[in-house]
Amino acid sequence: MSGSMEFLLWTKGPMFNIAIAIFAIGLLVRIAEIFVLGRKKNFAEARAGEWGPGFRTMLTRTVADPGTFQRAPFNVVVGWVWHIGFLIALLLFLPHIALIESLTGLSWPALPNPVISLVTSVTLVALIATLVHRMTHPVKKRISTVEDYVVWAVVFAVVLTGWLAYYRLVNPYPLVLGMHILSAEIMLILLPFTKLTHIFTTFIARWYNGAAFGRKGVQS
Amino acid sequence: MAARNPTDKTLGESLRERGVSRRGFLKFCAATASMMALPPSMAPAIAAALEKAKRPSVIWLSFQECTGCTESLTRSHAPTLEDLILDVISLDYHHTLQAAAGDAAEHAREQAMAANPGEYLVIVDGSIPGPDSNPGYSTVAGHSNYAMLMETVENAAAVIAVGTCATFGGLPGANPNPTGAMSVMDLVKDKPVINVSGCPPIPMVITGVIAHYLTFGRLPELDAYNRPMAFFGQSIHDRCYRRPFYDKGLFAKTFDDEGARLGWCLYELGCKGPTTYNACATMRWNDGTSWPVEAGHPCLGCSEPRFWDAGGFYNTVSVPTSASGVDVLAAGAAGAVVGGAVAALAKKQTKTAVAHRQPVTVEELEAKL
């Protein structure tokens, strides 16, 4: 790698292949493991169906209940802001859609670039706020592990480099674009082996919860 | 009286002999100043410098190339090639443009080298099969390209690599690079190398760099790839007249849709403008008539290293160069098999453990204490 363009091509070529392979293999190992291990067989007679309550809980748990909001309003509001911002930037920015289309053939309309850049700026501020909160909140500070900080750093790096690349604030541009792609690849690699797996397991877990409640005939 | 060496004359003398007016000469200087992004006040300084400058001897070496760079050079309009060769430099050796052939041609090169040691400029277009390659891949007058380059460069003042083949290896250096093609800067380490990349480079960039060298007696400010900042300092994207459409999110999706007709951004059609540094957007081609993006075609990124290997010309910049959805599916399937197997094994172990469980009584445990 003698220059920025070689670096960019490395991140777009060999490194992307490595990252996406580790991501796909790692993630499917985790998910197949979860499904094959399954739950212990329940011999009790079911009082009601599992599927309906399962899917309902997938949705209802997405919105925090009033008690949670009163106890931790910061977590709920800032958590929502940066998650939504991250998803919008990830899924509705034209270059990202082009990348997804090249791999899956699926595409959808993009949001105008100024909207994405505004959303990304808000996301960056929200992410910084989560870090400050984590480091200052008396309880959060004590329950945070190294993994929490590593995951925060990786997510922040992806958003920050993307923002820098969009505004072309680093010269030469191939260098900052390569840094953005590389940080996204690091995130892909870490995803199956850290708490980032929740991107895929959250809704599975919620379904299990709801299904268990439904089976017992309690409110899900 | 013995004929004077053409390089003994100053530029001023040579111009007056050719009947070039003072006004015409100053116009040329002003054009050069503006092209090199210098303030207009530099024009008289350029004029004064060029007036006294001696025409340098220039040896142009063509190796693994397509002559496109020479074709481009002959279409330079400010200064024209004629201006350049007859007034500004003494082009002593160039396969395509020189009248001499065979031994006489090679003799001209040797003579220019012997007459101006340490002062002549070497311009190279085309890549060079490296020292470890079969020297027969490309030869001139029985010399391998590598041997000829090294011999010619030894007493040169500086080397100007013209075109993407000479600067980065270009097409001959593309995967799988059968001839082991290398760039000039890969091989020449002890002389200043200035890169004028592009496939081909903009003609005025070639002549502008030479004019700059003559004016200031040194090489211009260079970027990380040894390219003159005056021409390669800004990306195509940053100077593109279609940039407002990118910023608004208005893109042509095909070459003949409404967006294409309205002149919207070509990013989705594979434009490499965001990652490409060149002066096409500002200097344009064919006497400033137009340039590829204005003609409705995305930038190929021809002035960047490895542009042949940087994925399809019509793939968006953000698309990876080699991974496919099928590869990802295959990796995922392999992962699922491994995950399933691990889980099944764990289940089996649990089952076996349950089947062979030895109940322990309280008495047994107490006996162990």
# chains A, B, ... in the order shown; residues from 1 in each chain; ligands from 1

$ residues_around --residues "Gly312 in chain B" --least-positions-apart "2" --cutoff "12 Å" --atoms "only C-alpha atoms" --output "short mmCIF file (atom, residue, chain, number, x, y, z; two decimals) with N, CA and C atoms, in the first residue's frame"
data_model
loop_
_atom_site.label_atom_id
_atom_site.label_comp_id
_atom_site.auth_asym_id
_atom_site.auth_seq_id
_atom_site.Cartn_x
_atom_site.Cartn_y
_atom_site.Cartn_z
N SER A 102 -25.51 -4.13 -4.98
CA SER A 102 -24.50 -4.93 -5.67
C SER A 102 -24.40 -6.33 -5.07
N LEU B 269 -24.05 6.04 -12.00
CA LEU B 269 -23.63 5.37 -13.23
C LEU B 269 -22.15 5.04 -13.17
N GLY B 270 -21.54 5.19 -12.00
CA GLY B 270 -20.17 4.74 -11.82
C GLY B 270 -19.13 5.84 -11.85
N CYS B 271 -19.55 7.10 -11.74
CA CYS B 271 -18.58 8.19 -11.83
C CYS B 271 -17.53 8.07 -10.71
N LYS B 272 -16.24 8.09 -11.11
CA LYS B 272 -15.16 8.01 -10.12
C LYS B 272 -14.64 9.41 -9.76
N PRO B 298 -19.69 9.09 -17.11
CA PRO B 298 -19.01 9.20 -15.82
C PRO B 298 -17.49 9.21 -15.97
N CYS B 299 -16.82 9.85 -15.03
CA CYS B 299 -15.36 9.84 -14.96
C CYS B 299 -14.89 8.42 -14.68
N LEU B 300 -13.84 7.97 -15.40
CA LEU B 300 -13.32 6.61 -15.20
C LEU B 300 -12.26 6.57 -14.11
N GLY B 301 -11.78 7.74 -13.70
CA GLY B 301 -10.70 7.79 -12.70
C GLY B 301 -9.36 7.46 -13.30
N PHE B 307 -6.29 2.17 -11.89
CA PHE B 307 -7.69 2.46 -12.23
C PHE B 307 -8.31 1.33 -13.04
N TRP B 308 -7.49 0.52 -13.70
CA TRP B 308 -8.05 -0.63 -14.43
C TRP B 308 -8.57 -1.70 -13.48
N ASP B 309 -7.99 -1.75 -12.29
CA ASP B 309 -8.35 -2.83 -11.36
C ASP B 309 -9.31 -2.34 -10.27
N ALA B 310 -9.82 -1.12 -10.43
CA ALA B 310 -10.63 -0.53 -9.34
C ALA B 310 -12.11 -0.87 -9.47
N TYR B 314 -18.55 1.17 -14.56
CA TYR B 314 -19.93 1.60 -14.38
C TYR B 314 -20.48 1.20 -13.01
N ASN B 315 -19.59 0.74 -12.12
CA ASN B 315 -20.00 0.46 -10.75
C ASN B 315 -19.82 1.71 -9.90
N THR B 316 -20.77 1.94 -9.02
CA THR B 316 -20.68 3.08 -8.12
C THR B 316 -19.43 2.98 -7.25
N VAL B 317 -18.88 4.14 -6.88
CA VAL B 317 -17.64 4.17 -6.09
C VAL B 317 -17.74 3.30 -4.83
N SER B 318 -18.94 3.24 -4.23
CA SER B 318 -19.07 2.54 -2.95
C SER B 318 -19.17 1.02 -3.10
N VAL B 319 -19.25 0.53 -4.34
CA VAL B 319 -19.44 -0.91 -4.53
C VAL B 319 -18.10 -1.64 -4.41
N PRO B 320 -18.04 -2.73 -3.62
CA PRO B 320 -16.77 -3.46 -3.49
C PRO B 320 -16.34 -4.04 -4.82
N THR B 321 -15.03 -4.26 -4.95
CA THR B 321 -14.51 -4.63 -6.26
C THR B 321 -14.71 -6.10 -6.60
N SER B 322 -14.82 -6.98 -5.59
CA SER B 322 -14.88 -8.39 -5.98
C SER B 322 -15.95 -9.22 -5.29
#

$ closest_atom_pairs --of "chain A" --to "chain B" --cutoff "8 Å" --atoms "only C-alpha atoms" --output "tab-separated table"
residue	atom	partner	partner_atom	distance
A:Gly3	CA	B:Ala224	CA	7.5
A:Met5	CA	B:Pro305	CA	6.5
A:Glu6	CA	B:Pro305	CA	7.2
A:Leu9	CA	B:Ala310	CA	6.4
A:Lys12	CA	B:Pro320	CA	4.6
A:Gly13	CA	B:Thr321	CA	5.1
A:Pro14	CA	B:Ser322	CA	7.9
A:Phe16	CA	B:Pro320	CA	7.0
A:Asn17	CA	B:Ala323	CA	5.7
A:Ile20	CA	B:Val328	CA	6.7
A:Ala21	CA	B:Ala331	CA	5.6
A:Ile22	CA	B:Ala331	CA	7.9
A:Ala24	CA	B:Gly332	CA	4.5
A:Ile25	CA	B:Gly335	CA	3.8
A:Gly26	CA	B:Gly335	CA	6.2
A:Leu27	CA	B:Gly335	CA	7.2
A:Leu28	CA	B:Ala336	CA	4.7
A:Val29	CA	B:Gly339	CA	3.7
A:Arg30	CA	B:Gly339	CA	6.2
A:Ile31	CA	B:Gly339	CA	7.4
A:Ala32	CA	B:Gly339	CA	5.1
A:Glu33	CA	B:Gly339	CA	4.9
A:Ile34	CA	B:Ala343	CA	7.8
A:Val36	CA	B:Ala343	CA	6.0
A:Leu37	CA	B:Ala343	CA	5.7
A:Pro95	CA	B:Ser318	CA	5.4
A:His96	CA	B:Ser318	CA	7.0
A:Ala98	CA	B:Val319	CA	6.5
A:Leu99	CA	B:Val319	CA	4.7
A:Ser102	CA	B:Val319	CA	6.6
A:Leu103	CA	B:Gly325	CA	4.1
A:Thr104	CA	B:Gly325	CA	5.4
A:Leu111	CA	B:Gly249	CA	7.4
A:Pro112	CA	B:Gly249	CA	4.4
A:Asn113	CA	B:Gly249	CA	5.3
A:Pro114	CA	B:Asp247	CA	6.7
A:Tyr173	CA	B:Thr275	CA	6.0
A:Pro174	CA	B:Thr275	CA	5.5

$ closest_residue --among "B:Leu15, B:Ala115, B:Ala101, B:Met204" --to "His77 in chain B" --atoms "only C-alpha atoms"
B:Met204

$ residues_around --residues "Ser127 in chain B" --least-positions-apart "4" --cutoff "8 Å" --atoms "only C-alpha atoms" --output "list in words"
Phe63, Gln64, Glu65, Cys165, Ala166, Thr167, Phe168, Gly169, Gly170, Pro172, Gly173, Ala181, Met182, Ser183 and Val184 of chain B

$ write_last_selection --atoms "C-alpha atoms" --output "mmCIF file, in the first residue's frame"
data_model
loop_
_atom_site.group_PDB
_atom_site.id
_atom_site.type_symbol
_atom_site.label_atom_id
_atom_site.label_comp_id
_atom_site.auth_asym_id
_atom_site.auth_seq_id
_atom_site.Cartn_x
_atom_site.Cartn_y
_atom_site.Cartn_z
ATOM 1 C CA PHE B 63 7.892 2.239 -23.702
ATOM 2 C CA GLN B 64 4.824 0.012 -23.170
ATOM 3 C CA GLU B 65 2.307 2.598 -24.328
ATOM 4 C CA CYS B 165 1.274 3.804 -17.637
ATOM 5 C CA ALA B 166 4.476 5.715 -16.867
ATOM 6 C CA THR B 167 3.203 7.106 -13.556
ATOM 7 C CA PHE B 168 1.426 4.071 -12.077
ATOM 8 C CA GLY B 169 1.863 1.121 -14.471
ATOM 9 C CA GLY B 170 -1.459 1.720 -16.179
ATOM 10 C CA PRO B 172 0.199 -2.991 -18.872
ATOM 11 C CA GLY B 173 0.448 -3.130 -15.062
ATOM 12 C CA ALA B 181 5.247 -3.654 -15.771
ATOM 13 C CA MET B 182 6.524 -0.980 -13.387
ATOM 14 C CA SER B 183 6.174 2.762 -13.230
ATOM 15 C CA VAL B 184 8.994 5.261 -13.621
#

$ residues_around --residues "Thr120 in chain A" --least-positions-apart "6" --cutoff "7 Å" --atoms "only C-alpha atoms" --output "list of chain:residue names"
A:Gly85, A:Ala89, A:Trp163

$ residues_around --residues "Gly118 in chain B" --least-positions-apart "2" --cutoff "8 Å" --atoms "only C-alpha atoms" --output "VMD selection string"
chain B and resid 116 120 155 to 157

$ residues_around --residues "Trp80 in chain A" --least-positions-apart "5" --cutoff "12 Å" --atoms "only C-alpha atoms" --output "MDAnalysis selection string"
chainID A and resid 62:64 69 73:75 85:87 122:123 126:127 130

$ write_last_selection --atoms "C-alpha atoms" --output "PDB file, in the first residue's frame"
ATOM      1  CA  THR A  62     -39.567  -1.618  21.032  1.00  0.00           C
ATOM      2  CA  VAL A  63     -41.345   1.211  22.857  1.00  0.00           C
ATOM      3  CA  ALA A  64     -40.228   1.728  26.425  1.00  0.00           C
ATOM      4  CA  PHE A  69     -38.988   6.222  30.612  1.00  0.00           C
ATOM      5  CA  PRO A  73     -35.356   9.226  30.139  1.00  0.00           C
ATOM      6  CA  PHE A  74     -31.857   9.900  28.775  1.00  0.00           C
ATOM      7  CA  ASN A  75     -31.308   6.273  27.796  1.00  0.00           C
ATOM      8  CA  GLY A  85     -30.140   8.192  12.885  1.00  0.00           C
ATOM      9  CA  PHE A  86     -27.703   5.329  12.362  1.00  0.00           C
ATOM     10  CA  LEU A  87     -30.325   3.251  10.543  1.00  0.00           C
ATOM     11  CA  VAL A 122     -27.372  14.573  15.057  1.00  0.00           C
ATOM     12  CA  THR A 123     -26.312  10.935  15.448  1.00  0.00           C
ATOM     13  CA  ALA A 126     -26.107  11.740  20.377  1.00  0.00           C
ATOM     14  CA  LEU A 127     -23.291   9.170  20.362  1.00  0.00           C
ATOM     15  CA  THR A 130     -24.064   8.430  25.320  1.00  0.00           C
TER      16      THR A 130
END

$ select_by_dssp --residues "range 114-261 of chain B" --states "helix (DSSP H, G or I)" --output "ChimeraX atom specification"
/B:114-115,135-137,145-153,164-168,184-187,203-216,229-232,236-239,243-248,258-261
